[in-house]
Each structure stands twice: as C-alpha cells, then as structure tokens.
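Data block below; observations after.
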Amino acid sequence: MNLNEEFWDNRYKNDDTGWDLGQISPPLKAYIDQLTDTSIQILIPGGGNSYEAEYLFNKGFKNVFVVDLSLTALQNIKSRVPYFPSQQLLHNNFFDLDLSFDLILEQTFFCAIDPNLRNDYVFQMNDLLSDQGKLVGLLFDAPLNNDRPPFGGSKSEYINRFDNVFNIKLIDTAYNSFESRQNKELFFILEKIKKKS
C-alpha cells in the first residue's frame with residue numbers, strides 16, 4: 001500500500017475525497033469556540049482542504065499551520081482563503097516535521113495513514129507538542145477498511161496506544177458529530193506528559 005504524495009494528490013485532483021465534510025466538523029468547531037488565547041501555535045496534520053484552519057484564521061488565530069502531502073489540497077486552501085500565509089501551508093510529510101506546537105488538531109489524519117505507522121504517529125505527535133501541549137480531535141470508532149483509507153479503530157486501541165505517552169483527559173463518543181458520523185467517532189483530548197527535570 002503506497003499512500004504517497006502522488007496517491008493523495010490524485011485524490012484531491014479528482015475530487016475523490018469522501019471524507020471531506022465541506023465544512024468544519026461540529027465537534028472541532030465547538031472546541032475551537034472555547035479557546036481564548038489566539039497567539040498559540042496550532043498544527044492541523046494531513047489537513048487536506050482544512051476548513052478548521054480557515055475557521056481558526058478567521059477567528060484571529062494567526063499561528064495556524066497545515067501540513068499535507070498534497071499540494072493540490074494546500075492550493076485549495078489558498079484559493080478559498082487567499083490571505084492565509086503561504087509559509088504556514090506546509091507541503092511536507094508530517095513525519096518529517098521538526099517544529100513545536102501548543103495544540104494539534106486531529107481530523108481524519110490518523111485514519112488516513114498506513115496503520116503500521118500508528119505508533120510512529122503517537123511519538124511524532126508527542127515530539128511536536130510543547131510542554132503541556134494538547135492533541136485534540138476526532139478518531140473513528142468503527143472498523144472501516146483494511147485495504148485502503150480510511151482505516152478504522154476502537155476506543156480500546158486508542159487508549160492502549162496513547163496511554164503511556166499522554167495524559168488522556170477525555171476520549172468519548174462525540175455528542176455533536178456531523179449527521180453521517182453520528183455514533184461513529186470519538187472526541188478526545190490528550191495532554192503531553194511533562195518531562196521530569
């Protein structure tokens with residue numbers, strides 16, 4: 001399974017993006033709406049068309065970064081939000097990033113990567129977060145596909161993967177999911193465990 005740049009870019013070029021809601025996900029909107037510090041550094045990995053980045057930016061969060069393998073997806077953001085800083089649209093592999101963020105928002109990225117990379121995802125997320133930084137977002141709570149994205153998962157798997165690296169503040173069925181995802185996704189908040197000095 002070669003989920004490389006060409007694979008993802010073709011999906012966006014051909015508008016083969018069934019996961020794309022065409023708007024910000026309601027649980028993430030509700031979470032963003034209670035954030036007060038607009039100076040924080042935020043990353044949206046595998047952000048695709050990233051309506052979340054657009055929403056954040058329009059609310060005054062100016063340190064919002066999107067990383068994606070697909071140049072077409074990033075160009076879609078720039079076309080929709082021309083004033084979004086180009087240098088914050090990172091055409092790169094998430095696993096190659098070496099930056100620091102206070103908040104990382106997860107929306108369909110975990111389920112898009114090869115399941116063999118899930119442990120790498122956990123450790124990379126930890127590395128990218130500042131002390132007491134948070135990883136927040138949505139994970140599918142359903143089996144889904146084995147041979148192509150999106151790949152599913154379960155609450156028990158996620159707890160097992162994250163528990164030793166993060167403080168799990170919340171992981172529960174999202175009460176305000178988009179209609180087609182009702183009872184199929186978990187909203188979670190993970191906090192980076194502060195390193196002992």
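Residues are named by chain letter and number: chains run A, B, ... in the order of the structure tokens, numbers start at 1 in each chain, and ligands are numbered from 1 in the order shown.
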
Exercise for the section: Just the strand (DSSP E) stuff from region 46-161 of chain A, please, per backbone DSSP, written as an MDAnalysis selection string. Expected result: chainID A and resid 64:68 89:91 101:107 129:140 142:144 151:153

Can you list, as a PDB file with N, CA, C and O atoms, in the first residue's frame, every protein, DNA or RNA residue that comes within 12 Å of Ser50 (chain A) when you count only C-alpha atoms, leaving out same-chain residues fewer than 3 positions away?
ATOM      1  N   TRP A  19     -14.261  11.689   2.577  1.00  0.00           N
ATOM      2  CA  TRP A  19     -14.156  12.052   3.992  1.00  0.00           C
ATOM      3  C   TRP A  19     -14.364  13.548   4.222  1.00  0.00           C
ATOM      4  O   TRP A  19     -14.567  13.995   5.341  1.00  0.00           O
ATOM      5  N   ASP A  20     -14.293  14.335   3.136  1.00  0.00           N
ATOM      6  CA  ASP A  20     -14.333  15.791   3.237  1.00  0.00           C
ATOM      7  C   ASP A  20     -15.767  16.254   3.501  1.00  0.00           C
ATOM      8  O   ASP A  20     -16.650  16.060   2.668  1.00  0.00           O
ATOM      9  N   LEU A  21     -16.001  16.882   4.639  1.00  0.00           N
ATOM     10  CA  LEU A  21     -17.349  17.323   5.007  1.00  0.00           C
ATOM     11  C   LEU A  21     -17.776  18.591   4.271  1.00  0.00           C
ATOM     12  O   LEU A  21     -18.954  18.940   4.264  1.00  0.00           O
ATOM     13  N   GLY A  22     -16.809  19.308   3.689  1.00  0.00           N
ATOM     14  CA  GLY A  22     -17.136  20.560   3.016  1.00  0.00           C
ATOM     15  C   GLY A  22     -17.353  21.709   3.988  1.00  0.00           C
ATOM     16  O   GLY A  22     -17.737  22.808   3.593  1.00  0.00           O
ATOM     17  N   GLN A  23     -17.087  21.473   5.248  1.00  0.00           N
ATOM     18  CA  GLN A  23     -17.238  22.475   6.304  1.00  0.00           C
ATOM     19  C   GLN A  23     -16.483  21.995   7.535  1.00  0.00           C
ATOM     20  O   GLN A  23     -16.050  20.845   7.584  1.00  0.00           O
ATOM     21  N   ILE A  24     -16.352  22.884   8.508  1.00  0.00           N
ATOM     22  CA  ILE A  24     -15.684  22.496   9.744  1.00  0.00           C
ATOM     23  C   ILE A  24     -16.518  21.447  10.471  1.00  0.00           C
ATOM     24  O   ILE A  24     -17.746  21.500  10.476  1.00  0.00           O
ATOM     25  N   SER A  25     -15.843  20.481  11.056  1.00  0.00           N
ATOM     26  CA  SER A  25     -16.515  19.434  11.823  1.00  0.00           C
ATOM     27  C   SER A  25     -17.126  20.048  13.091  1.00  0.00           C
ATOM     28  O   SER A  25     -16.438  20.773  13.814  1.00  0.00           O
ATOM     29  N   LEU A  28     -15.114  19.899  16.433  1.00  0.00           N
ATOM     30  CA  LEU A  28     -13.923  20.746  16.446  1.00  0.00           C
ATOM     31  C   LEU A  28     -14.300  22.223  16.515  1.00  0.00           C
ATOM     32  O   LEU A  28     -13.635  23.011  17.179  1.00  0.00           O
ATOM     33  N   LEU A  43      -1.240  23.220  14.847  1.00  0.00           N
ATOM     34  CA  LEU A  43      -0.974  22.415  13.655  1.00  0.00           C
ATOM     35  C   LEU A  43      -2.192  21.568  13.323  1.00  0.00           C
ATOM     36  O   LEU A  43      -2.815  20.978  14.202  1.00  0.00           O
ATOM     37  N   ILE A  44      -2.501  21.505  12.023  1.00  0.00           N
ATOM     38  CA  ILE A  44      -3.509  20.571  11.529  1.00  0.00           C
ATOM     39  C   ILE A  44      -2.796  19.630  10.554  1.00  0.00           C
ATOM     40  O   ILE A  44      -2.468  20.009   9.434  1.00  0.00           O
ATOM     41  N   PRO A  45      -2.494  18.406  11.016  1.00  0.00           N
ATOM     42  CA  PRO A  45      -1.729  17.476  10.172  1.00  0.00           C
ATOM     43  C   PRO A  45      -2.620  16.746   9.186  1.00  0.00           C
ATOM     44  O   PRO A  45      -3.769  16.414   9.491  1.00  0.00           O
ATOM     45  N   GLY A  46      -2.084  16.511   7.981  1.00  0.00           N
ATOM     46  CA  GLY A  46      -2.884  15.869   6.944  1.00  0.00           C
ATOM     47  C   GLY A  46      -4.178  16.636   6.755  1.00  0.00           C
ATOM     48  O   GLY A  46      -5.252  16.064   6.607  1.00  0.00           O
ATOM     49  N   GLY A  47      -4.049  17.959   6.764  1.00  0.00           N
ATOM     50  CA  GLY A  47      -5.217  18.838   6.865  1.00  0.00           C
ATOM     51  C   GLY A  47      -6.122  18.875   5.653  1.00  0.00           C
ATOM     52  O   GLY A  47      -7.259  19.310   5.750  1.00  0.00           O
ATOM     53  N   ALA A  53      -8.668  25.125   9.616  1.00  0.00           N
ATOM     54  CA  ALA A  53      -7.654  26.179   9.537  1.00  0.00           C
ATOM     55  C   ALA A  53      -8.288  27.501   9.126  1.00  0.00           C
ATOM     56  O   ALA A  53      -7.975  28.560   9.678  1.00  0.00           O
ATOM     57  N   GLU A  54      -9.200  27.437   8.176  1.00  0.00           N
ATOM     58  CA  GLU A  54      -9.897  28.644   7.727  1.00  0.00           C
ATOM     59  C   GLU A  54     -10.696  29.261   8.881  1.00  0.00           C
ATOM     60  O   GLU A  54     -10.650  30.475   9.118  1.00  0.00           O
ATOM     61  N   TYR A  55     -11.407  28.422   9.609  1.00  0.00           N
ATOM     62  CA  TYR A  55     -12.230  28.901  10.714  1.00  0.00           C
ATOM     63  C   TYR A  55     -11.365  29.541  11.802  1.00  0.00           C
ATOM     64  O   TYR A  55     -11.657  30.636  12.295  1.00  0.00           O
ATOM     65  N   LEU A  56     -10.283  28.859  12.162  1.00  0.00           N
ATOM     66  CA  LEU A  56      -9.364  29.397  13.159  1.00  0.00           C
ATOM     67  C   LEU A  56      -8.793  30.746  12.723  1.00  0.00           C
ATOM     68  O   LEU A  56      -8.767  31.713  13.498  1.00  0.00           O
ATOM     69  N   PHE A  57      -8.340  30.803  11.498  1.00  0.00           N
ATOM     70  CA  PHE A  57      -7.701  32.021  10.992  1.00  0.00           C
ATOM     71  C   PHE A  57      -8.691  33.181  11.011  1.00  0.00           C
ATOM     72  O   PHE A  57      -8.351  34.295  11.411  1.00  0.00           O
ATOM     73  N   VAL A  64      -1.559  29.409  12.731  1.00  0.00           N
ATOM     74  CA  VAL A  64      -2.155  28.131  12.339  1.00  0.00           C
ATOM     75  C   VAL A  64      -1.369  27.574  11.163  1.00  0.00           C
ATOM     76  O   VAL A  64      -1.158  28.272  10.160  1.00  0.00           O
ATOM     77  N   PHE A  65      -0.941  26.315  11.283  1.00  0.00           N
ATOM     78  CA  PHE A  65      -0.175  25.654  10.234  1.00  0.00           C
ATOM     79  C   PHE A  65      -0.925  24.411   9.767  1.00  0.00           C
ATOM     80  O   PHE A  65      -1.518  23.704  10.577  1.00  0.00           O
ATOM     81  N   VAL A  66      -0.870  24.164   8.467  1.00  0.00           N
ATOM     82  CA  VAL A  66      -1.443  22.947   7.887  1.00  0.00           C
ATOM     83  C   VAL A  66      -0.308  22.219   7.184  1.00  0.00           C
ATOM     84  O   VAL A  66       0.439  22.829   6.410  1.00  0.00           O
ATOM     85  N   VAL A  67      -0.169  20.927   7.455  1.00  0.00           N
ATOM     86  CA  VAL A  67       0.819  20.123   6.728  1.00  0.00           C
ATOM     87  C   VAL A  67       0.068  19.055   5.941  1.00  0.00           C
ATOM     88  O   VAL A  67      -0.853  18.420   6.455  1.00  0.00           O
ATOM     89  N   ASP A  68       0.461  18.889   4.680  1.00  0.00           N
ATOM     90  CA  ASP A  68      -0.174  17.863   3.854  1.00  0.00           C
ATOM     91  C   ASP A  68       0.774  17.451   2.738  1.00  0.00           C
ATOM     92  O   ASP A  68       1.582  18.262   2.259  1.00  0.00           O
ATOM     93  N   ALA A  73      -4.338  20.027  -2.338  1.00  0.00           N
ATOM     94  CA  ALA A  73      -5.134  20.349  -1.147  1.00  0.00           C
ATOM     95  C   ALA A  73      -4.717  21.696  -0.568  1.00  0.00           C
ATOM     96  O   ALA A  73      -5.573  22.522  -0.206  1.00  0.00           O
ATOM     97  N   LEU A  74      -3.418  21.930  -0.467  1.00  0.00           N
ATOM     98  CA  LEU A  74      -2.927  23.196   0.079  1.00  0.00           C
ATOM     99  C   LEU A  74      -3.303  24.365  -0.828  1.00  0.00           C
ATOM    100  O   LEU A  74      -3.654  25.451  -0.336  1.00  0.00           O
ATOM    101  N   GLN A  75      -3.256  24.149  -2.132  1.00  0.00           N
ATOM    102  CA  GLN A  75      -3.669  25.199  -3.080  1.00  0.00           C
ATOM    103  C   GLN A  75      -5.161  25.485  -2.948  1.00  0.00           C
ATOM    104  O   GLN A  75      -5.603  26.627  -3.120  1.00  0.00           O
ATOM    105  N   ASN A  76      -5.940  24.449  -2.632  1.00  0.00           N
ATOM    106  CA  ASN A  76      -7.376  24.647  -2.416  1.00  0.00           C
ATOM    107  C   ASN A  76      -7.626  25.597  -1.247  1.00  0.00           C
ATOM    108  O   ASN A  76      -8.526  26.446  -1.308  1.00  0.00           O
ATOM    109  N   ILE A  77      -6.835  25.443  -0.188  1.00  0.00           N
ATOM    110  CA  ILE A  77      -6.967  26.342   0.969  1.00  0.00           C
ATOM    111  C   ILE A  77      -6.630  27.766   0.540  1.00  0.00           C
ATOM    112  O   ILE A  77      -7.365  28.717   0.835  1.00  0.00           O
ATOM    113  N   LYS A  78      -5.514  27.913  -0.165  1.00  0.00           N
ATOM    114  CA  LYS A  78      -5.058  29.245  -0.589  1.00  0.00           C
ATOM    115  C   LYS A  78      -6.081  29.905  -1.519  1.00  0.00           C
ATOM    116  O   LYS A  78      -6.305  31.116  -1.434  1.00  0.00           O
ATOM    117  N   ARG A  80      -9.326  29.360  -1.476  1.00  0.00           N
ATOM    118  CA  ARG A  80     -10.508  29.673  -0.673  1.00  0.00           C
ATOM    119  C   ARG A  80     -10.235  30.811   0.309  1.00  0.00           C
ATOM    120  O   ARG A  80     -11.113  31.611   0.613  1.00  0.00           O
ATOM    121  N   VAL A  81      -8.994  30.845   0.833  1.00  0.00           N
ATOM    122  CA  VAL A  81      -8.608  31.840   1.841  1.00  0.00           C
ATOM    123  C   VAL A  81      -7.308  32.502   1.371  1.00  0.00           C
ATOM    124  O   VAL A  81      -6.225  32.185   1.855  1.00  0.00           O
ATOM    125  N   PHE A  84      -4.501  33.634   3.728  1.00  0.00           N
ATOM    126  CA  PHE A  84      -3.828  32.678   4.628  1.00  0.00           C
ATOM    127  C   PHE A  84      -2.346  32.654   4.261  1.00  0.00           C
ATOM    128  O   PHE A  84      -1.996  32.511   3.086  1.00  0.00           O
ATOM    129  N   LEU A  89       1.365  26.968   5.101  1.00  0.00           N
ATOM    130  CA  LEU A  89       0.819  25.813   4.377  1.00  0.00           C
ATOM    131  C   LEU A  89       2.019  24.952   3.988  1.00  0.00           C
ATOM    132  O   LEU A  89       2.732  25.256   3.033  1.00  0.00           O
ATOM    133  N   LEU A 105      -4.613  19.656  16.088  1.00  0.00           N
ATOM    134  CA  LEU A 105      -5.994  19.235  15.866  1.00  0.00           C
ATOM    135  C   LEU A 105      -6.030  18.061  14.895  1.00  0.00           C
ATOM    136  O   LEU A 105      -5.533  18.151  13.771  1.00  0.00           O
ATOM    137  N   GLU A 106      -6.607  16.975  15.348  1.00  0.00           N
ATOM    138  CA  GLU A 106      -6.716  15.735  14.564  1.00  0.00           C
ATOM    139  C   GLU A 106      -8.101  15.649  13.929  1.00  0.00           C
ATOM    140  O   GLU A 106      -9.113  15.707  14.612  1.00  0.00           O
ATOM    141  N   GLN A 107      -8.111  15.530  12.604  1.00  0.00           N
ATOM    142  CA  GLN A 107      -9.377  15.384  11.882  1.00  0.00           C
ATOM    143  C   GLN A 107      -9.121  14.522  10.654  1.00  0.00           C
ATOM    144  O   GLN A 107      -8.587  14.998   9.657  1.00  0.00           O
ATOM    145  N   THR A 108      -9.422  13.252  10.742  1.00  0.00           N
ATOM    146  CA  THR A 108      -9.292  12.252   9.662  1.00  0.00           C
ATOM    147  C   THR A 108      -7.850  11.897   9.274  1.00  0.00           C
ATOM    148  O   THR A 108      -7.651  11.133   8.340  1.00  0.00           O
ATOM    149  N   PHE A 109      -6.850  12.425   9.968  1.00  0.00           N
ATOM    150  CA  PHE A 109      -5.468  12.113   9.599  1.00  0.00           C
ATOM    151  C   PHE A 109      -5.037  10.736  10.099  1.00  0.00           C
ATOM    152  O   PHE A 109      -4.471   9.938   9.349  1.00  0.00           O
TER     153      PHE A 109
END

Practice task
Identify all residues of region 38-179 of chain A in helix (DSSP H, G or I) (DSSP on the backbone) and supply them as an MDAnalysis selection string.
Solution key: chainID A and resid 51:58 71:80 86:88 94:96 115:128 155:162 179

Fill in the blank from the handout: Judged by only C-alpha atoms, the minimum distance to Asn2 (chain A) among A:Asp33, A:Phe123, A:Arg148, A:Glu52 is found for A:Arg148

Problem - Shell around Pro27 (chain A) at 9 Å using only C-alpha atoms, local window under 3 positions removed, as a PyMOL selection string - result: chain A and resi 24+30-32+137-138+174-178+187

Write a file of the selected residues as a short mmCIF file (atom, residue, chain, number, x, y, z; two decimals), in the first residue's frame, keeping C-alpha atoms.
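File written: out_1.cif
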data_model
loop_
_atom_site.label_atom_id
_atom_site.label_comp_id
_atom_site.auth_asym_id
_atom_site.auth_seq_id
_atom_site.Cartn_x
_atom_site.Cartn_y
_atom_site.Cartn_z
CA ILE A 24 -15.68 22.50 9.74
CA ALA A 30 -17.28 23.65 19.47
CA TYR A 31 -13.79 23.05 20.86
CA ILE A 32 -12.26 25.98 18.95
CA GLY A 137 -9.74 15.90 17.78
CA LEU A 138 -11.74 13.06 16.35
CA ALA A 174 -18.73 12.74 20.17
CA TYR A 175 -22.20 14.05 21.05
CA ASN A 176 -22.31 16.60 18.23
CA SER A 177 -20.92 14.72 15.23
CA PHE A 178 -21.87 15.54 11.67
CA PHE A 187 -13.77 13.14 20.59
#

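When CA of Gln41 (chain A) is paired with CA of Asn160 (chain A), their separation reads 27.6 Å.
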
Exercise for the section: Would you mind listing what lies within 12 Å of Asp163 (chain A) as a VMD selection string, with only C-alpha atoms counted and same-chain residues fewer than 5 positions away left out? Expected result: chain A and resid 119 122 to 123 126 155 to 158 168 to 171 189 to 193

Exercise: Asn63 (chain A) partners within 7 Å, only C-alpha atoms, chain neighbours under 6 positions left out, as a compact mmCIF listing (two decimals) with all heavy atoms, in the first residue's frame:
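Once written, part28.txt looks like this:
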# COMPACT_ATOMS: atom_id res chain seq x y z
N SER A 39 -2.88 33.49 20.37
CA SER A 39 -1.46 33.51 19.99
C SER A 39 -0.85 32.12 19.91
O SER A 39 0.29 31.96 19.47
CB SER A 39 -0.67 34.35 21.00
OG SER A 39 -0.61 33.67 22.25
N ILE A 40 -1.59 31.08 20.32
CA ILE A 40 -0.99 29.74 20.37
C ILE A 40 -0.65 29.23 18.97
O ILE A 40 -1.28 29.60 17.98
CB ILE A 40 -1.90 28.73 21.10
CG1 ILE A 40 -3.27 28.61 20.41
CG2 ILE A 40 -2.05 29.10 22.56
CD1 ILE A 40 -4.15 27.50 20.99
N GLN A 41 0.38 28.37 18.94
CA GLN A 41 0.81 27.72 17.69
C GLN A 41 -0.03 26.46 17.50
O GLN A 41 -0.03 25.58 18.37
CB GLN A 41 2.28 27.33 17.79
CG GLN A 41 3.23 28.50 17.87
CD GLN A 41 3.83 28.84 16.53
OE1 GLN A 41 3.64 29.94 16.04
NE2 GLN A 41 4.53 27.91 15.93
N ILE A 42 -0.71 26.37 16.36
CA ILE A 42 -1.63 25.26 16.10
C ILE A 42 -1.22 24.55 14.81
O ILE A 42 -0.93 25.20 13.80
CB ILE A 42 -3.08 25.77 15.97
CG1 ILE A 42 -3.51 26.49 17.25
CG2 ILE A 42 -4.04 24.61 15.66
CD1 ILE A 42 -4.87 27.18 17.15

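Contact shell of Gly153 (chain A) at 6 Å (only C-alpha atoms; same-chain neighbours under 6 positions omitted): Asp141, Ala142 and Pro143 of chain A.
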
Filtering to N, CA, C and O atoms, could you give me those residues as a PDB file, in the first residue's frame?
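Written output follows (out_9.pdb):
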ATOM      1  N   ASP A 141     -14.569   5.480  15.459  1.00  0.00           N
ATOM      2  CA  ASP A 141     -14.849   4.364  16.364  1.00  0.00           C
ATOM      3  C   ASP A 141     -15.657   3.331  15.583  1.00  0.00           C
ATOM      4  O   ASP A 141     -16.830   3.087  15.845  1.00  0.00           O
ATOM      5  N   ALA A 142     -14.999   2.762  14.578  1.00  0.00           N
ATOM      6  CA  ALA A 142     -15.647   1.801  13.673  1.00  0.00           C
ATOM      7  C   ALA A 142     -14.555   1.061  12.926  1.00  0.00           C
ATOM      8  O   ALA A 142     -13.450   1.587  12.756  1.00  0.00           O
ATOM      9  N   PRO A 143     -14.823  -0.175  12.461  1.00  0.00           N
ATOM     10  CA  PRO A 143     -13.774  -0.957  11.791  1.00  0.00           C
ATOM     11  C   PRO A 143     -13.326  -0.378  10.445  1.00  0.00           C
ATOM     12  O   PRO A 143     -12.153  -0.413  10.125  1.00  0.00           O
TER      13      PRO A 143
END

Exercise for the section: Would you please work out which residue, of A:Leu97, A:Leu128, A:Leu103, A:Leu90, is nearest to Phe61 (chain A) when using only C-alpha atoms? Expected result: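 Smallest distance to Phe61 (chain A) is found for A:Leu103.
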
Problem - For Leu117 (chain A): contacts at 12 Å, only C-alpha atoms, fewer than 5 positions along chain excluded, given as a list in words - result: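 Near Leu117 (chain A), the qualifying residues are Leu3, Phe94, Phe95, Phe109, Phe110, Cys111, Ala112, Val122, Phe123, Gln124, Phe151 and Arg161 of chain A.
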
Can you write just those residues out, N, CA, C and O atoms, as a PDB file, in the first residue's frame?
ATOM      1  N   LEU A   3       0.721   4.912   0.160  1.00  0.00           N
ATOM      2  CA  LEU A   3      -0.048   6.131   0.402  1.00  0.00           C
ATOM      3  C   LEU A   3       0.887   7.337   0.323  1.00  0.00           C
ATOM      4  O   LEU A   3       1.098   8.058   1.285  1.00  0.00           O
ATOM      5  N   PHE A  94       4.225  14.807   7.353  1.00  0.00           N
ATOM      6  CA  PHE A  94       4.049  15.027   8.790  1.00  0.00           C
ATOM      7  C   PHE A  94       5.191  14.426   9.607  1.00  0.00           C
ATOM      8  O   PHE A  94       5.672  15.027  10.569  1.00  0.00           O
ATOM      9  N   PHE A  95       5.647  13.245   9.220  1.00  0.00           N
ATOM     10  CA  PHE A  95       6.659  12.536   9.994  1.00  0.00           C
ATOM     11  C   PHE A  95       8.040  13.176   9.876  1.00  0.00           C
ATOM     12  O   PHE A  95       8.954  12.833  10.625  1.00  0.00           O
ATOM     13  N   PHE A 109      -6.850  12.425   9.968  1.00  0.00           N
ATOM     14  CA  PHE A 109      -5.468  12.113   9.599  1.00  0.00           C
ATOM     15  C   PHE A 109      -5.037  10.736  10.099  1.00  0.00           C
ATOM     16  O   PHE A 109      -4.471   9.938   9.349  1.00  0.00           O
ATOM     17  N   PHE A 110      -5.290  10.458  11.367  1.00  0.00           N
ATOM     18  CA  PHE A 110      -4.892   9.171  11.953  1.00  0.00           C
ATOM     19  C   PHE A 110      -5.435   8.003  11.144  1.00  0.00           C
ATOM     20  O   PHE A 110      -4.752   7.004  10.922  1.00  0.00           O
ATOM     21  N   CYS A 111      -6.673   8.123  10.667  1.00  0.00           N
ATOM     22  CA  CYS A 111      -7.312   7.025   9.932  1.00  0.00           C
ATOM     23  C   CYS A 111      -6.871   6.986   8.468  1.00  0.00           C
ATOM     24  O   CYS A 111      -7.206   6.045   7.745  1.00  0.00           O
ATOM     25  N   ALA A 112      -6.105   8.001   8.038  1.00  0.00           N
ATOM     26  CA  ALA A 112      -5.659   8.048   6.639  1.00  0.00           C
ATOM     27  C   ALA A 112      -4.271   7.442   6.450  1.00  0.00           C
ATOM     28  O   ALA A 112      -3.927   7.007   5.353  1.00  0.00           O
ATOM     29  N   VAL A 122       2.008   8.416  17.220  1.00  0.00           N
ATOM     30  CA  VAL A 122       1.925   8.756  18.641  1.00  0.00           C
ATOM     31  C   VAL A 122       3.193   9.470  19.094  1.00  0.00           C
ATOM     32  O   VAL A 122       3.138  10.527  19.741  1.00  0.00           O
ATOM     33  N   PHE A 123       4.351   8.933  18.726  1.00  0.00           N
ATOM     34  CA  PHE A 123       5.606   9.522  19.189  1.00  0.00           C
ATOM     35  C   PHE A 123       5.918  10.835  18.477  1.00  0.00           C
ATOM     36  O   PHE A 123       6.457  11.762  19.089  1.00  0.00           O
ATOM     37  N   GLN A 124       5.564  10.931  17.202  1.00  0.00           N
ATOM     38  CA  GLN A 124       5.783  12.201  16.485  1.00  0.00           C
ATOM     39  C   GLN A 124       4.897  13.294  17.062  1.00  0.00           C
ATOM     40  O   GLN A 124       5.327  14.434  17.235  1.00  0.00           O
ATOM     41  N   PHE A 151      -8.909   3.973   7.488  1.00  0.00           N
ATOM     42  CA  PHE A 151      -8.788   2.796   8.341  1.00  0.00           C
ATOM     43  C   PHE A 151      -9.452   3.113   9.683  1.00  0.00           C
ATOM     44  O   PHE A 151      -9.314   4.218  10.187  1.00  0.00           O
ATOM     45  N   ARG A 161      -2.757   2.756  22.784  1.00  0.00           N
ATOM     46  CA  ARG A 161      -1.658   3.417  22.073  1.00  0.00           C
ATOM     47  C   ARG A 161      -1.192   4.694  22.775  1.00  0.00           C
ATOM     48  O   ARG A 161      -0.004   5.004  22.814  1.00  0.00           O
TER      49      ARG A 161
END
